[in-house]
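The file protein_14.txt contains compact mmCIF, C-alpha atoms:
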```txt
# COMPACT_ATOMS: atom_id res chain seq x y z
CA MET A 1 0.00 0.00 0.00
CA ASP A 2 1.29 3.47 -0.90
CA SER A 3 1.77 5.36 2.36
CA ASN A 4 1.48 8.73 0.61
CA VAL A 5 -2.25 8.51 -0.04
CA PHE A 6 -5.28 8.55 2.20
CA ILE A 7 -7.27 5.34 2.23
CA ASN A 8 -11.03 5.25 2.74
CA ASN A 9 -12.22 2.16 4.60
CA PRO A 10 -15.89 2.46 5.63
CA SER A 11 -15.58 -0.73 7.69
CA LEU A 12 -13.66 1.18 10.37
CA THR A 13 -16.18 1.81 13.14
CA LEU A 14 -16.19 3.01 16.72
CA PRO A 15 -17.10 0.47 19.45
CA PHE A 16 -20.42 2.22 20.14
CA SER A 17 -22.38 5.13 18.82
CA TYR A 18 -22.65 8.41 20.67
CA THR A 19 -24.01 11.90 20.29
CA PHE A 20 -23.24 15.13 22.08
CA THR A 21 -25.95 16.90 24.05
CA SER A 22 -26.09 20.65 24.37
CA SER A 23 -24.82 22.46 27.43
CA SER A 24 -28.38 23.35 28.40
CA ASN A 25 -29.35 19.69 28.59
CA SER A 26 -26.29 18.91 30.69
CA SER A 27 -27.09 21.70 33.13
CA THR A 28 -30.63 20.43 33.46
CA THR A 29 -29.37 16.99 34.33
CA THR A 30 -27.08 18.25 37.04
CA SER A 31 -29.82 20.35 38.64
CA THR A 32 -32.08 17.33 39.03
CA THR A 33 -29.42 15.14 40.66
CA THR A 34 -27.76 17.54 43.05
CA ASP A 35 -28.95 19.69 45.91
CA SER A 36 -26.36 22.35 46.67
CA SER A 37 -28.48 23.96 49.40
CA SER A 38 -28.87 20.94 51.69
CA GLY A 39 -25.15 20.16 52.14
CA GLN A 40 -26.08 16.63 53.33
CA TRP A 41 -25.00 13.19 52.13
CA MET A 42 -27.63 10.99 50.52
CA ASP A 43 -28.77 8.06 52.64
CA GLY A 44 -26.91 4.86 51.69
CA ARG A 45 -30.20 2.96 51.49
CA ILE A 46 -31.36 5.28 48.74
CA TRP A 47 -28.12 4.78 46.83
CA SER A 48 -28.61 1.01 46.87
CA LYS A 49 -32.09 1.35 45.35
CA LEU A 50 -31.18 3.70 42.50
CA PRO A 51 -31.63 2.13 39.06
CA PRO A 52 -28.31 1.48 37.29
CA PRO A 53 -28.95 4.00 34.44
CA LEU A 54 -29.52 6.80 36.96
CA LEU A 55 -26.47 5.78 38.99
CA ASP A 56 -24.42 5.80 35.78
CA ARG A 57 -25.50 9.37 35.07
CA ILE A 58 -24.53 10.50 38.58
CA ILE A 59 -21.11 8.84 38.48
CA ALA A 60 -20.43 10.30 35.02
CA PHE A 61 -20.28 13.77 36.60
CA LEU A 62 -17.53 12.88 39.07
CA PRO A 63 -14.38 15.01 38.73
CA PRO A 64 -11.55 13.13 36.94
CA PRO A 65 -9.37 12.55 40.05
CA ALA A 66 -12.32 10.73 41.61
CA PHE A 67 -12.20 8.09 38.87
CA PHE A 68 -8.71 7.06 39.99
CA ARG A 69 -10.17 6.32 43.44
CA THR A 70 -13.40 4.84 42.06
CA ARG A 71 -11.51 1.89 40.59
CA CYS A 72 -10.55 0.81 44.13
CA VAL A 73 -14.03 1.05 45.71
CA CYS A 74 -15.48 -2.26 44.56
CA LYS A 75 -15.59 -4.65 41.60
CA ARG A 76 -18.84 -3.11 40.38
CA PHE A 77 -17.33 0.39 40.13
CA TYR A 78 -14.15 -0.98 38.55
CA SER A 79 -16.09 -2.87 35.88
CA LEU A 80 -18.25 0.21 35.33
CA LEU A 81 -15.31 2.04 33.78
CA PHE A 82 -15.12 -0.64 31.08
CA SER A 83 -18.87 -0.97 30.49
CA ASN A 84 -20.06 0.16 27.06
CA ALA A 85 -23.42 1.23 28.52
CA PHE A 86 -21.76 3.51 31.08
CA LEU A 87 -19.17 4.86 28.63
CA GLU A 88 -21.89 5.72 26.12
CA THR A 89 -23.74 7.62 28.85
CA TYR A 90 -20.51 9.37 29.78
CA LEU A 91 -19.89 10.48 26.19
CA GLN A 92 -23.46 11.68 25.72
CA LEU A 93 -23.30 13.82 28.85
CA LEU A 94 -19.67 14.83 28.21
CA PRO A 95 -19.05 16.70 31.49
CA LEU A 96 -17.17 19.99 31.32
CA GLY A 97 -13.44 19.60 30.73
CA HIS A 98 -11.20 19.44 33.78
CA ASN A 99 -8.07 21.28 32.68
CA CYS A 100 -4.95 19.84 34.30
CA PHE A 101 -1.21 19.55 33.77
CA LEU A 102 0.70 16.29 33.66
CA PHE A 103 4.42 16.32 34.51
CA PHE A 104 7.09 13.67 34.14
CA LYS A 105 10.67 13.43 35.27
CA HIS A 106 12.33 13.24 31.90
CA LYS A 107 15.99 12.82 31.02
CA THR A 108 17.51 15.50 28.83
CA LEU A 109 18.64 14.75 25.30
CA LYS A 110 22.33 14.74 26.20
CA SER A 111 21.87 12.24 29.00
CA TYR A 112 20.18 9.82 26.59
CA ILE A 113 22.97 10.16 24.05
CA TYR A 114 25.81 9.85 26.55
CA LYS A 115 24.35 6.83 28.31
CA ARG A 116 24.55 4.74 25.14
CA GLY A 117 28.15 3.85 25.86
CA GLY A 118 27.55 3.04 29.52
CA GLY A 119 25.41 0.71 31.53
CA THR A 120 21.64 0.93 31.76
CA ASN A 121 19.66 1.96 34.79
CA ASP A 122 17.50 -1.07 35.43
CA ASP A 123 16.44 0.22 38.84
CA ASP A 124 14.35 2.98 37.28
CA SER A 125 13.38 1.25 34.03
CA ASN A 126 9.97 0.08 35.26
CA LYS A 127 9.11 2.97 37.56
CA ALA A 128 7.46 5.41 35.18
CA GLU A 129 5.23 7.80 37.05
CA GLY A 130 3.60 11.14 36.41
CA PHE A 131 2.55 14.07 38.56
CA LEU A 132 -0.91 15.50 37.90
CA PHE A 133 -1.48 19.12 38.88
CA ASP A 134 -5.02 20.51 39.16
CA PRO A 135 -4.84 24.32 38.75
CA ASN A 136 -8.40 24.73 39.98
CA GLU A 137 -7.73 23.03 43.31
CA ILE A 138 -3.97 23.84 43.44
CA ARG A 139 -3.33 20.21 44.24
CA TRP A 140 -0.85 17.52 43.15
CA TYR A 141 -1.59 13.84 42.46
CA ARG A 142 0.79 10.99 41.69
CA LEU A 143 -0.05 8.63 38.81
CA SER A 144 1.60 5.32 38.09
CA PHE A 145 2.55 4.37 34.52
CA ALA A 146 3.98 0.98 35.42
CA TYR A 147 2.13 -0.52 32.43
CA ILE A 148 4.33 1.45 30.00
CA PRO A 149 7.23 -0.75 28.78
CA SER A 150 10.74 0.36 29.62
CA GLY A 151 12.61 2.24 26.92
CA PHE A 152 9.84 4.79 26.19
CA TYR A 153 9.60 8.48 27.10
CA PRO A 154 6.51 10.78 27.13
CA SER A 155 6.21 13.10 24.15
CA GLY A 156 2.78 14.74 24.26
CA SER A 157 -0.85 14.70 25.35
CA SER A 158 -4.15 15.35 23.60
CA GLY A 159 -7.79 14.32 23.97
CA GLY A 160 -7.17 12.46 27.23
CA LEU A 161 -4.33 10.35 25.76
CA VAL A 162 -0.59 10.53 26.48
CA SER A 163 1.92 9.57 23.78
CA TRP A 164 5.14 7.69 24.52
CA VAL A 165 8.02 7.25 22.05
CA SER A 166 10.72 4.60 21.96
CA GLU A 167 14.14 5.87 23.04
CA GLU A 168 16.27 3.80 20.69
CA ALA A 169 17.41 5.48 17.50
CA GLY A 170 15.80 4.07 14.37
CA LEU A 171 12.21 3.43 13.37
CA LYS A 172 10.40 4.93 16.33
CA THR A 173 7.36 3.25 17.91
CA ILE A 174 4.64 5.41 19.46
CA LEU A 175 2.25 4.30 22.22
CA LEU A 176 -0.98 6.03 23.23
CA CYS A 177 -2.20 5.47 26.79
CA ASN A 178 -5.23 6.61 28.77
CA PRO A 179 -4.02 7.31 32.34
CA LEU A 180 -7.54 7.03 33.78
CA LEU A 181 -7.98 3.47 32.52
CA GLY A 182 -4.37 2.32 32.24
CA SER A 183 -5.01 1.24 28.64
CA VAL A 184 -2.32 1.24 25.92
CA SER A 185 -2.59 1.26 22.12
CA GLN A 186 0.27 1.11 19.65
CA LEU A 187 0.85 2.87 16.36
CA PRO A 188 2.94 1.29 13.61
CA PRO A 189 6.63 2.23 13.50
CA ILE A 190 7.43 5.39 11.57
CA SER A 191 8.80 5.03 8.04
CA ARG A 192 12.18 6.78 8.43
CA PRO A 193 14.93 6.21 11.04
CA ARG A 194 15.26 9.15 13.47
CA LEU A 195 17.11 10.02 16.67
CA PHE A 196 14.99 12.36 18.82
CA PRO A 197 12.41 13.95 16.51
CA SER A 198 9.81 16.57 17.36
CA ILE A 199 6.39 14.98 17.75
CA GLY A 200 2.92 16.51 17.54
CA LEU A 201 -0.29 14.80 18.66
CA SER A 202 -3.93 15.75 18.10
CA VAL A 203 -6.73 13.47 19.32
CA THR A 204 -10.45 14.17 18.94
CA PRO A 205 -13.38 11.84 19.74
CA THR A 206 -13.27 10.63 16.11
CA SER A 207 -9.72 11.11 14.79
CA ILE A 208 -6.02 10.81 15.57
CA ASP A 209 -3.30 12.91 13.90
CA VAL A 210 0.42 12.52 14.61
CA THR A 211 3.28 14.43 12.97
CA VAL A 212 6.95 13.48 13.41
CA ALA A 213 9.60 15.92 12.19
CA GLY A 214 13.36 16.19 12.01
CA ASP A 215 16.38 14.33 13.39
CA ASP A 216 16.67 12.16 10.25
CA LEU A 217 19.37 9.51 10.66
CA ILE A 218 21.07 9.91 7.28
CA SER A 219 23.88 7.63 8.52
CA PRO A 220 24.80 5.92 11.81
CA TYR A 221 26.84 9.02 12.71
CA ALA A 222 24.94 11.91 11.10
CA VAL A 223 21.60 13.56 11.89
CA LYS A 224 19.84 16.29 9.90
CA ASN A 225 16.46 17.99 10.04
CA ILE A 226 15.23 17.16 6.55
CA SER A 227 11.84 15.49 6.51
CA SER A 228 8.59 14.93 8.37
CA GLU A 229 5.87 12.32 8.22
CA SER A 230 2.28 12.11 9.39
CA PHE A 231 -0.21 9.51 10.60
CA HIS A 232 -3.99 9.91 10.37
CA VAL A 233 -7.01 7.77 11.14
CA ASP A 234 -10.64 8.78 11.64
CA ALA A 235 -14.09 7.29 12.17
CA GLY A 236 -15.06 8.13 8.59
CA GLY A 237 -12.82 5.32 7.38
CA PHE A 238 -9.90 7.46 6.17
CA PHE A 239 -6.38 6.58 7.23
CA SER A 240 -2.82 7.33 6.16
CA LEU A 241 0.05 5.35 7.63
CA TRP A 242 3.09 7.62 7.98
CA ALA A 243 2.88 9.51 4.71
CA MET A 244 5.96 11.62 3.98
CA THR A 245 5.01 15.29 4.09
CA SER A 246 6.59 18.31 2.43
CA SER A 247 10.23 19.03 3.28
CA LEU A 248 11.13 21.06 6.33
CA PRO A 249 12.27 24.66 5.76
CA ARG A 250 16.01 25.13 5.35
CA LEU A 251 18.28 25.60 8.38
CA CYS A 252 15.87 24.08 10.91
CA SER A 253 17.01 23.51 14.46
CA LEU A 254 14.37 21.60 16.43
CA GLU A 255 15.67 21.22 19.97
CA SER A 256 12.57 21.14 22.17
CA GLY A 257 11.07 18.00 20.64
CA LYS A 258 7.57 19.34 21.33
CA MET A 259 4.79 20.52 19.03
CA VAL A 260 1.58 22.40 19.76
CA TYR A 261 -1.64 21.83 17.81
CA VAL A 262 -3.86 24.86 17.13
CA GLN A 263 -6.78 24.89 14.66
CA GLY A 264 -5.47 22.43 12.09
CA LYS A 265 -1.77 23.33 12.37
CA PHE A 266 1.19 21.98 14.33
CA TYR A 267 3.67 24.56 15.64
CA CYS A 268 7.17 24.11 17.07
CA MET A 269 10.08 26.37 18.02
CA ASN A 270 13.02 26.81 15.71
CA TYR A 271 16.34 27.88 17.20
CA SER A 272 19.41 29.94 16.16
CA PRO A 273 17.85 32.40 15.54
CA PHE A 274 14.44 31.98 17.11
CA SER A 275 11.45 31.49 14.82
CA VAL A 276 8.31 29.36 14.74
CA LEU A 277 7.68 26.50 12.31
CA SER A 278 4.10 25.78 11.27
CA TYR A 279 2.79 22.66 9.54
CA GLU A 280 -0.70 22.78 8.00
CA VAL A 281 -2.08 19.24 8.17
CA THR A 282 -4.69 19.41 5.40
CA GLY A 283 -2.54 21.55 3.09
CA ASN A 284 0.65 19.51 3.72
CA ARG A 285 2.72 22.67 3.96
CA TRP A 286 5.54 23.87 6.24
CA ILE A 287 6.19 27.59 6.72
CA LYS A 288 8.52 29.62 8.93
CA ILE A 289 7.07 32.44 11.05
CA GLN A 290 9.30 35.17 12.44
CA ALA A 291 9.17 35.40 16.24
CA PRO A 292 8.64 38.76 17.95
CA MET A 293 11.81 40.39 19.31
CA ARG A 294 13.65 37.26 18.25
CA ARG A 295 17.14 38.61 19.00
CA PHE A 296 16.28 39.32 22.61
CA LEU A 297 14.28 36.20 23.61
CA ARG A 298 15.33 33.68 26.24
CA SER A 299 13.70 30.29 26.98
CA PRO A 300 10.83 30.70 24.48
CA SER A 301 7.93 28.24 24.68
CA LEU A 302 4.81 27.70 22.60
CA LEU A 303 1.45 26.76 24.08
CA GLU A 304 -2.21 26.59 23.09
CA SER A 305 -4.89 28.60 24.89
CA LYS A 306 -8.54 28.56 23.81
CA GLY A 307 -7.73 28.13 20.14
CA ARG A 308 -4.83 30.59 20.13
CA LEU A 309 -1.09 30.04 19.78
CA ILE A 310 0.76 31.75 22.62
CA LEU A 311 4.49 32.44 22.77
CA VAL A 312 5.99 32.88 26.26
CA ALA A 313 9.57 34.11 26.70
CA ALA A 314 11.86 36.28 28.76
CA VAL A 315 12.99 39.49 27.04
CA GLU A 316 16.44 40.87 27.73
CA LYS A 317 17.53 43.99 25.86
CA SER A 318 20.61 44.95 27.85
CA LYS A 319 21.76 47.77 25.56
CA LEU A 320 18.39 49.49 25.29
CA ASN A 321 16.32 51.34 27.85
CA VAL A 322 13.79 48.49 28.19
CA PRO A 323 13.47 46.58 31.47
CA LYS A 324 13.92 42.84 31.45
CA SER A 325 10.58 41.06 31.58
CA LEU A 326 8.58 37.94 30.83
CA ARG A 327 6.00 38.44 28.10
CA LEU A 328 3.18 36.60 26.33
CA TRP A 329 2.32 37.10 22.65
CA SER A 330 -0.63 35.76 20.66
CA LEU A 331 -0.33 34.82 16.97
CA GLN A 332 -3.03 36.49 14.88
CA GLN A 333 -5.17 34.86 12.20
CA ASP A 334 -2.88 36.01 9.40
CA ASN A 335 -0.31 33.54 10.81
CA ALA A 336 2.38 36.23 10.72
CA THR A 337 1.55 38.98 13.23
CA TRP A 338 2.20 38.73 16.97
CA VAL A 339 0.37 40.86 19.55
CA GLU A 340 1.62 41.19 23.12
CA ILE A 341 -1.20 40.17 25.47
CA GLU A 342 0.44 40.09 28.89
CA ARG A 343 3.59 41.06 30.76
CA MET A 344 4.70 39.82 34.16
CA PRO A 345 4.60 42.61 36.78
CA GLN A 346 8.10 44.00 37.27
CA PRO A 347 8.37 43.31 41.04
CA LEU A 348 7.36 39.70 40.42
CA TYR A 349 9.80 39.38 37.53
CA THR A 350 12.61 40.61 39.77
CA GLN A 351 11.80 37.79 42.20
CA PHE A 352 11.32 35.34 39.33
CA ALA A 353 14.69 36.19 37.79
CA ALA A 354 16.45 35.81 41.14
CA GLU A 355 14.96 32.33 41.65
CA GLU A 356 15.56 31.28 38.06
CA GLY A 357 19.18 32.42 38.10
CA GLY A 358 19.61 32.30 34.33
CA LYS A 359 19.08 28.51 34.19
CA GLY A 360 16.00 28.83 31.99
CA PHE A 361 12.41 27.70 32.33
CA GLU A 362 9.72 25.65 30.60
CA CYS A 363 6.11 26.68 29.95
CA VAL A 364 2.95 24.68 29.31
CA GLY A 365 -0.59 25.98 28.87
CA ASN A 366 -4.11 24.63 29.16
CA GLN A 367 -7.06 26.92 28.40
CA GLU A 368 -6.70 29.99 30.65
CA PHE A 369 -3.82 28.57 32.71
CA VAL A 370 -0.09 28.88 32.05
CA MET A 371 2.38 26.88 34.15
CA ILE A 372 6.00 28.04 34.27
CA VAL A 373 8.55 25.54 35.60
CA LEU A 374 11.95 26.88 36.70
CA ARG A 375 14.84 24.61 35.76
CA GLY A 376 17.11 23.54 38.56
CA THR A 377 14.55 24.34 41.27
CA SER A 378 11.35 22.92 42.73
CA LEU A 379 9.44 26.12 41.90
CA GLN A 380 6.48 26.55 39.57
CA LEU A 381 4.55 29.70 38.78
CA LEU A 382 0.90 29.60 37.70
CA PHE A 383 -0.66 32.39 35.62
CA ASP A 384 -4.44 32.69 35.18
CA MET A 385 -5.08 34.67 31.98
CA VAL A 386 -8.74 35.29 32.87
CA ARG A 387 -8.19 36.59 36.40
CA LYS A 388 -4.79 38.12 35.50
CA SER A 389 -3.33 36.55 38.63
CA TRP A 390 0.12 35.05 39.30
CA LEU A 391 0.63 32.38 41.95
CA TRP A 392 3.67 30.50 43.21
CA VAL A 393 2.56 26.85 43.28
CA PRO A 394 3.47 24.57 46.21
CA PRO A 395 6.27 22.19 45.10
CA CYS A 396 5.22 18.74 43.97
CA PRO A 397 5.51 16.50 47.06
CA TYR A 398 6.07 13.37 44.97
CA SER A 399 8.96 14.42 42.70
CA GLY A 400 11.66 13.90 45.30
CA GLY A 401 12.26 17.60 45.73
CA GLY A 402 13.73 17.86 42.25
CA GLY A 403 11.04 19.97 40.68
CA GLY A 404 12.31 21.36 37.44
CA GLY A 405 15.87 20.53 38.28
CA SER A 406 17.96 17.43 38.48
CA GLY A 407 15.53 15.68 40.77
CA GLY A 408 18.38 13.77 42.35
CA SER A 409 19.29 12.10 39.07
CA ASP A 410 21.76 13.40 36.53
CA GLY A 411 20.17 15.02 33.48
CA GLU A 412 16.52 14.93 34.63
CA VAL A 413 14.06 17.76 34.12
CA LEU A 414 10.37 18.14 34.89
CA GLN A 415 8.56 18.12 31.55
CA GLY A 416 4.89 19.09 31.41
CA PHE A 417 1.94 18.70 29.05
CA ALA A 418 -1.60 20.01 28.96
CA TYR A 419 -3.84 17.12 30.05
CA ASP A 420 -7.63 16.92 29.97
CA PRO A 421 -8.68 13.67 31.65
CA VAL A 422 -11.22 11.74 29.58
CA LEU A 423 -12.66 8.48 30.78
CA THR A 424 -12.94 6.92 27.33
CA THR A 425 -11.46 7.58 23.91
CA PRO A 426 -13.28 5.25 21.49
CA VAL A 427 -11.17 6.47 18.58
CA VAL A 428 -8.26 4.26 19.70
CA SER A 429 -10.31 1.20 18.75
CA LEU A 430 -9.73 2.19 15.12
CA LEU A 431 -6.05 1.35 15.53
CA ASP A 432 -6.88 -2.28 16.24
CA GLN A 433 -9.10 -2.49 13.15
CA LEU A 434 -6.26 -1.45 10.85
CA THR A 435 -4.72 -4.96 11.32
CA LEU A 436 -1.26 -3.44 11.41
CA PRO A 437 1.75 -5.78 11.09
CA PHE A 438 3.25 -5.29 14.53
CA PRO A 439 2.89 -7.16 17.82
CA GLY A 440 0.59 -5.86 20.52
CA VAL A 441 1.81 -4.27 23.71
CA CYS A 442 1.30 -6.32 26.84
```
What does this structure look like when you write it as structure tokens?
Amino acid sequence: MDSNVFINNPSLTLPFSYTFTSSSNSSTTTSTTTDSSSGQWMDGRIWSKLPPPLLDRIIAFLPPPAFFRTRCVCKRFYSLLFSNAFLETYLQLLPLGHNCFLFFKHKTLKSYIYKRGGGTNDDDSNKAEGFLFDPNEIRWYRLSFAYIPSGFYPSGSSGGLVSWVSEEAGLKTILLCNPLLGSVSQLPPISRPRLFPSIGLSVTPTSIDVTVAGDDLISPYAVKNISSESFHVDAGGFFSLWAMTSSLPRLCSLESGKMVYVQGKFYCMNYSPFSVLSYEVTGNRWIKIQAPMRRFLRSPSLLESKGRLILVAAVEKSKLNVPKSLRLWSLQQDNATWVEIERMPQPLYTQFAAEEGGKGFECVGNQEFVMIVLRGTSLQLLFDMVRKSWLWVPPCPYSGGGGGGSGGSDGEVLQGFAYDPVLTTPVVSLLDQLTLPFPGVC
């Protein structure tokens, strides 16, 4: 089969049908099942007599962290999370998104490359874990990813799924897991050998899009940013298995390894000098966008916020009469113009710069929230774009005190992704129906 064409296979179907109800219907449902004025627990005898369909509707409105605990209550609640009847109810109600951040202790690129000649760290190979931060509750949770095979690192998150990529150089394998259920699905290996490419992921209830770019292994000892390839599958029966896309723009330097998906396009940072690369999925086209104040940026990061591409960076113009600051810009619809939308208050930036100490920082966004992680420290700063408020977040109690720094292990950093917990993602069932020639993941 030619991988450069889209195939239409109407036999690809989701495991069950579902429709989306309007927000007014959802609000009506919640008003009939809750009583905010009483402040009292429902009698256990009443719970035991509720019909299963009504109980399913009530449980569907639990906040995502509650589902992690629900699995341990009893066998009935555990099996409920895998029941098609309950999952169909859940999708029809589709509770409001719970915007979170998911962090992992992740080794830097250099530590992966340098460890090739040495011994492996078997002690930590099967101890993958993540740290979930809820910006609404300002609370940390620890999640186990023990079901992820060793030799994979997290690369992105979308639609309730987290992507993991094989560490070994060559034909990369990508896994998609649902942290709420502990389920894992596997994509076929990519078509071209790569070292540490940049990877973009977009998951909707009915489609999966993945783009892999750069770090082409043109020989065992040489790497160049030349090509990109894409994977697509949807419920309409269309799929494309790692089709080679248009060539990357000249003189690309993709160091972050991360992409951001905004309204049909993947974006990633380009370095030396700073610019932004954009890949239009439907048009199969790469373009380079000039970054604002590109000669004076430090630690730039891209993030998505309510359908907008946001660039966050420190600005340092030492020879001009402009104070150092941290700024946020929004890319306009013409895909070329940047507008400054926010600037960190100067007293706070003075404190921020003292804590950061020139080591750099990472940013990740989810809807109205922006999380800034200071490298080499256990400090994180949360910015609410709606309330225009800045808040120092309590350090993660589960990361061993490493925070954004070494974390007690050489070359480790705290890498974060926007994460919206979703109980079920029926689109992953389409991967199994492709009958791909690779073994399943245990």
> Which residues, written as a list of chain:residue names, have at least one atom at most 7 Å from Glu356 in chain A, with all atoms listed in the file counted and residues fewer than 4 positions away on the same chain left out?
Replying inline: A:Phe352, A:Gly360, A:Leu374
>> Could you list, as a list in words, every residue within 8 Å of Glu168 in chain A, counting all atoms listed in the file and ignoring same-chain residues fewer than 3 positions away?
In response: Gly151, Lys172 and Leu195 of chain A
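Of note, CA of Ala213 in chain A and CA of Gly200 in chain A are spaced 8.6 Å apart.
Once range 229-234 of chain A and its same-chain neighbours fewer than 5 positions away are set aside, Thr206, Ser207, Ile208, Asp209, Val210, Thr211, Val212, Ala213, Phe239, Ser240, Leu241, Trp242, Ala243, Met244 and Thr245 of chain A remain within 7 Å of it when counting all atoms listed in the file.
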>> Residues near range 51-64 of chain A, anyone? I mean within 7 Å using all atoms listed in the file, not counting same-chain ones fewer than 3 positions away, as a PyMOL selection string.
In response: chain A and resi 67+86+89-90+95+421
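Relative to CA of Ser378 in chain A, CA of Val413 in chain A is found at 10.4 Å.
Nearest residue to Gly357 in chain A among A:Arg375, A:Phe77, A:Tyr153, A:Gln92 is A:Arg375, counting all atoms listed in the file.
Straight-line separation from CA of Phe104 in chain A to CA of Gln351 in chain A: 25.9 Å.
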>> Which residue is closest to Leu391 in chain A? Choose from A:Phe361, A:Leu91, A:Met269, A:Met344 and count only C-alpha atoms.
In response: A:Met344
> Could you name the residues that touch range 225-227 of chain A at 7 Å or less, counting all atoms listed in the file, but leaving out those on the same chain fewer than 4 positions away, as a ChimeraX atom specification?
Replying inline: /A:213-216,247-248,252
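Across A:Thr425, A:Thr337, A:Ser158, A:Ser198, the tightest approach to Leu87 in chain A is made by A:Thr425 when counting all atoms listed in the file.
Minimum distance to Asp420 in chain A across A:Leu80, A:Val73, A:Leu180, A:Val373 (counting all atoms listed in the file) occurs at A:Leu180.
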> Of the residues A:Phe266, A:Phe196, A:Trp390, A:Tyr147, which is the one nearest to Leu171 in chain A, using only C-alpha atoms?
Replying inline: A:Phe196
